[in-house]
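Report on the following structure.
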Amino acid sequence: MSLSARPLSPVSAPRLTVLGVALAPWRLLCVAAHVLRALALAYTWWPGYDAARRRAFTIAWSGRLLKLLGITVKVTGTARPGGKLIVANHISWLDIVAINATEPARFISKAEVGDWPLLGRLVTAAGTLYLVRERRRDAMRVLGVMSKALHSGDTVAVFPEGTTGTGHGVLPFHPNLFQAAIDADVPVQPIVLRYSDPHHAVSPSTAYVGSTTLLQSLWWVVTARGLTVHVEVLPPMRATHADRRALAEHVQNLAEAALTRQLA
């Protein structure tokens with residue numbers, strides 16, 4: 001659920017190349033300009049956009065951001081239209097961008113993100129649902145908000161691992177947030193993410209784990225060469241009258257099988 005919660009396992013810094021370091025300042029400048037454009041839109045025309053226009057802009061903007069970062073997107077499978085709960089494995093802060101470039105969704109985030117200078121406005125404009133983690137009962141409120149959004153036809157996305165992994169496997173899926181799909185009677189749409197580069201089936205440049213900071217992670221990404229994000233959209237499954245624990249375990253097994261198949 002949060003980009004700040006990461007496992008304690010260490011990750012080795014990826015090897016840098018001369019060309020990658022040379023390209024990094026230009027990439028960072030282009031990314032900054034791209035983000036500022038979105039911020040300007042959030043304060044001006046965005047509130048007047050209808051759902052279709054917001055969706056189209058989100059796909060285009062997210063895809064462009066990945067391209068500016070030097071990341072190619074490869075998508076297999078198609079997400080169903082209408083309200084659904086997207087459930088994905090979690091590797092990096094890039095995951096949100098990769099999903100939005102494929103199937104725009106409303107994400108769950110810690111409440112303090114909404115108070116971030118400038119970027120908080122951008123995150124809020126994207127329809128983010130905020131959770132006050134210090135309040136135990138707030139999880140129930142968020143489940144209710146999620147169910148209402150799903151029932152109204154929105155797509156909501158969650159990372160049920162609750163933290164980021166290295167991308168070599170799938171961590172256990174926590175079942176709590178699956179309840180929102182059950183309550184709203186909408187399908188669960190699993191998505192499996194993997195980042196690769198010309199030398200690694202699972203790129204070390206995108207791992208956001210251990211003591212890695214956001215700035216370190218960003219630097220590794222912009223100095224990398226030939227990064228690709230693989231977005232595999234698995235078939236949706238009905239959640240009607242499902243047991244959330246059994247549903248979470250089943251989706252986790254599907255994600256593990258898909259990742260194993262990709263790495264075979």
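Ordering of the structure tokens sets the chain letters (A, B, ...); residue numbers start at 1 within each chain; ligands are numbered from 1 in the order shown.
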
Practice task
Identify, on the basis of only C-alpha atoms, every residue whose closest approach to range 140-152 of chain A does not exceed 8 Å; exclude the query and any residue fewer than 3 positions from it along the same chain; express the result as JSON, numbers by chain.
Solution key: {"A": [83, 84, 85, 129, 130, 131, 137, 155, 156, 177, 179, 180, 181, 183, 184, 185, 186]}

Exercise for the section: Extract, using only C-alpha atoms, all DNA, RNA and protein residues at most 10 Å from Gly226 in chain A, discarding same-chain residues fewer than 4 positions from it, and format them as JSON, numbers by chain. Expected result: {"A": [20, 70, 71, 72, 196, 197, 198, 199, 203]}

Those residues you just picked out, can you put them in a file as a CSV table (one decimal), in the first residue's frame with all heavy atoms?
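In the end it all went to out-v6.csv:
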chain,number,residue,atom,x,y,z
A,20,GLY,N,25.3,5.8,-19.7
A,20,GLY,CA,24.1,6.0,-18.8
A,20,GLY,C,24.3,7.2,-17.9
A,20,GLY,O,23.3,8.0,-17.7
A,70,GLY,N,13.6,6.3,-20.0
A,70,GLY,CA,14.4,5.3,-20.8
A,70,GLY,C,13.8,3.9,-20.6
A,70,GLY,O,14.5,2.9,-20.8
A,71,ILE,N,12.5,3.8,-20.3
A,71,ILE,CA,11.9,2.5,-20.0
A,71,ILE,C,10.9,2.2,-21.2
A,71,ILE,O,10.0,3.0,-21.5
A,71,ILE,CB,11.2,2.5,-18.7
A,71,ILE,CG1,12.2,2.8,-17.6
A,71,ILE,CG2,10.5,1.1,-18.4
A,71,ILE,CD1,11.5,3.0,-16.2
A,72,THR,N,11.0,1.0,-21.7
A,72,THR,CA,10.1,0.5,-22.7
A,72,THR,C,9.0,-0.3,-22.0
A,72,THR,O,9.3,-1.1,-21.1
A,72,THR,CB,10.8,-0.4,-23.8
A,72,THR,OG1,11.8,0.3,-24.4
A,72,THR,CG2,9.8,-1.0,-24.8
A,196,SER,N,13.2,-5.7,-16.7
A,196,SER,CA,14.4,-6.4,-17.2
A,196,SER,C,15.3,-5.4,-17.9
A,196,SER,O,14.9,-4.2,-18.2
A,196,SER,CB,14.0,-7.5,-18.2
A,196,SER,OG,13.4,-6.9,-19.4
A,197,ASP,N,16.5,-5.8,-18.2
A,197,ASP,CA,17.5,-5.0,-19.0
A,197,ASP,C,18.2,-6.0,-19.8
A,197,ASP,O,18.0,-7.2,-19.7
A,197,ASP,CB,18.4,-4.2,-18.1
A,197,ASP,CG,19.3,-5.0,-17.2
A,197,ASP,OD1,19.8,-6.0,-17.6
A,197,ASP,OD2,19.4,-4.6,-16.0
A,198,PRO,N,19.1,-5.5,-20.7
A,198,PRO,CA,19.7,-6.5,-21.7
A,198,PRO,C,20.6,-7.5,-21.0
A,198,PRO,O,20.9,-8.6,-21.6
A,198,PRO,CB,20.6,-5.5,-22.5
A,198,PRO,CG,19.9,-4.2,-22.5
A,198,PRO,CD,19.3,-4.1,-21.1
A,199,HIS,N,20.9,-7.3,-19.7
A,199,HIS,CA,21.8,-8.3,-19.1
A,199,HIS,C,21.1,-9.1,-17.9
A,199,HIS,O,21.7,-10.0,-17.4
A,199,HIS,CB,23.0,-7.6,-18.5
A,199,HIS,CG,23.8,-6.8,-19.5
A,199,HIS,ND1,24.5,-7.4,-20.5
A,199,HIS,CD2,23.9,-5.5,-19.7
A,199,HIS,CE1,25.1,-6.5,-21.3
A,199,HIS,NE2,24.8,-5.3,-20.8
A,203,SER,N,15.9,-6.8,-13.5
A,203,SER,CA,16.9,-5.8,-13.4
A,203,SER,C,17.2,-5.3,-12.0
A,203,SER,O,16.2,-5.0,-11.3
A,203,SER,CB,16.5,-4.6,-14.3
A,203,SER,OG,17.5,-3.5,-14.2

Practice task
From a DSSP calculation on the backbone, collect every residue of range 14-263 of chain A in strand (DSSP E or B) and output the set as number ranges by chain.
Solution key: A: 71-76, 84-88, 106-110, 129-131, 155-158, 188-197, 200, 227-233, 237

Residue subset to file, keeping C-alpha atoms, as a short mmCIF file (atom, residue, chain, number, x, y, z; two decimals), in the first residue's frame:
data_model
loop_
_atom_site.label_atom_id
_atom_site.label_comp_id
_atom_site.auth_asym_id
_atom_site.auth_seq_id
_atom_site.Cartn_x
_atom_site.Cartn_y
_atom_site.Cartn_z
CA ILE A 71 11.89 2.49 -20.05
CA THR A 72 10.09 0.49 -22.74
CA VAL A 73 6.63 -0.90 -21.88
CA LYS A 74 5.58 -4.36 -23.04
CA VAL A 75 1.99 -5.33 -22.24
CA THR A 76 0.42 -8.77 -22.59
CA LYS A 84 -12.49 -3.76 -10.92
CA LEU A 85 -9.81 -4.24 -8.29
CA ILE A 86 -6.34 -4.43 -9.81
CA VAL A 87 -3.97 -6.50 -7.70
CA ALA A 88 -0.26 -6.35 -8.55
CA ARG A 106 -7.05 4.93 -8.20
CA PHE A 107 -4.33 3.88 -5.76
CA ILE A 108 -4.19 3.69 -1.96
CA SER A 109 -1.58 5.86 -0.26
CA LYS A 110 -0.65 7.06 3.21
CA LEU A 129 -7.53 7.23 -1.78
CA TYR A 130 -5.75 8.17 1.44
CA LEU A 131 -5.25 6.01 4.51
CA THR A 155 -10.79 0.95 -11.16
CA VAL A 156 -8.87 0.74 -7.89
CA ALA A 157 -5.36 -0.73 -7.65
CA VAL A 158 -3.59 -2.19 -4.62
CA VAL A 188 -10.30 -8.88 -9.34
CA GLN A 189 -7.82 -8.24 -12.16
CA PRO A 190 -4.31 -9.54 -11.37
CA ILE A 191 -1.33 -7.81 -12.96
CA VAL A 192 2.22 -9.15 -12.82
CA LEU A 193 5.08 -6.66 -13.16
CA ARG A 194 8.69 -7.37 -14.05
CA TYR A 195 11.58 -5.07 -15.00
CA SER A 196 14.38 -6.36 -17.20
CA ASP A 197 17.46 -5.01 -18.97
CA HIS A 200 19.20 -9.29 -16.43
CA LEU A 227 15.14 -1.05 -19.20
CA THR A 228 11.83 -2.75 -20.03
CA VAL A 229 8.79 -3.09 -17.83
CA HIS A 230 6.73 -6.19 -18.59
CA VAL A 231 3.07 -5.76 -17.65
CA GLU A 232 1.19 -9.06 -17.82
CA VAL A 233 -2.56 -8.63 -17.35
CA MET A 237 -11.89 -13.42 -11.72
#

Handout entry: Residues of range 27-199 of chain A in alpha helix (DSSP H), written as a PyMOL selection string
Key = chain A and resi 27-43+51-68+94-100+119-125+138-151+178-184

Exercise for the section: Can you work out the spacing between CA of Ala125 in chain A and CA of Gly167 in chain A in Å, to one decimal? Expected result: 29.1 Å

Completion exercise
For Ile182 in chain A, the closest of A:Gly153, A:Val202, A:Val170, A:Leu247 counting only C-alpha atoms is A:Leu247

Problem - Two-atom distance - CA of Ala22 in chain A, CA of Val221 in chain A (Å) - result: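 CA of Val221 in chain A lies 13.1 Å from CA of Ala22 in chain A.
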
Exercise for the section: Please identify all polymer residues within 12 Å of Leu29 in chain A, counting only C-alpha atoms, omitting same-chain residues fewer than 6 positions from it, and present them as JSON, numbers by chain. Expected result: {"A": [23, 35, 36, 65, 68, 69, 222]}

Practice task
Quick one: everything within 12 Å of range 57-63 of chain A, counting only C-alpha atoms, minus sequence neighbours fewer than 4 positions away in the same chain. Send it as a VMD selection string.
Solution key: chain A and resid 31 33 to 39 41 to 42 45 to 46 49 to 53 67 to 75 94 to 106 122 to 123 125 to 127 229

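If only C-alpha atoms are the atoms counted, then among A:Ala258, A:Leu171, A:Leu218, A:Val251 the closest residue to Arg27 in chain A is A:Leu218.
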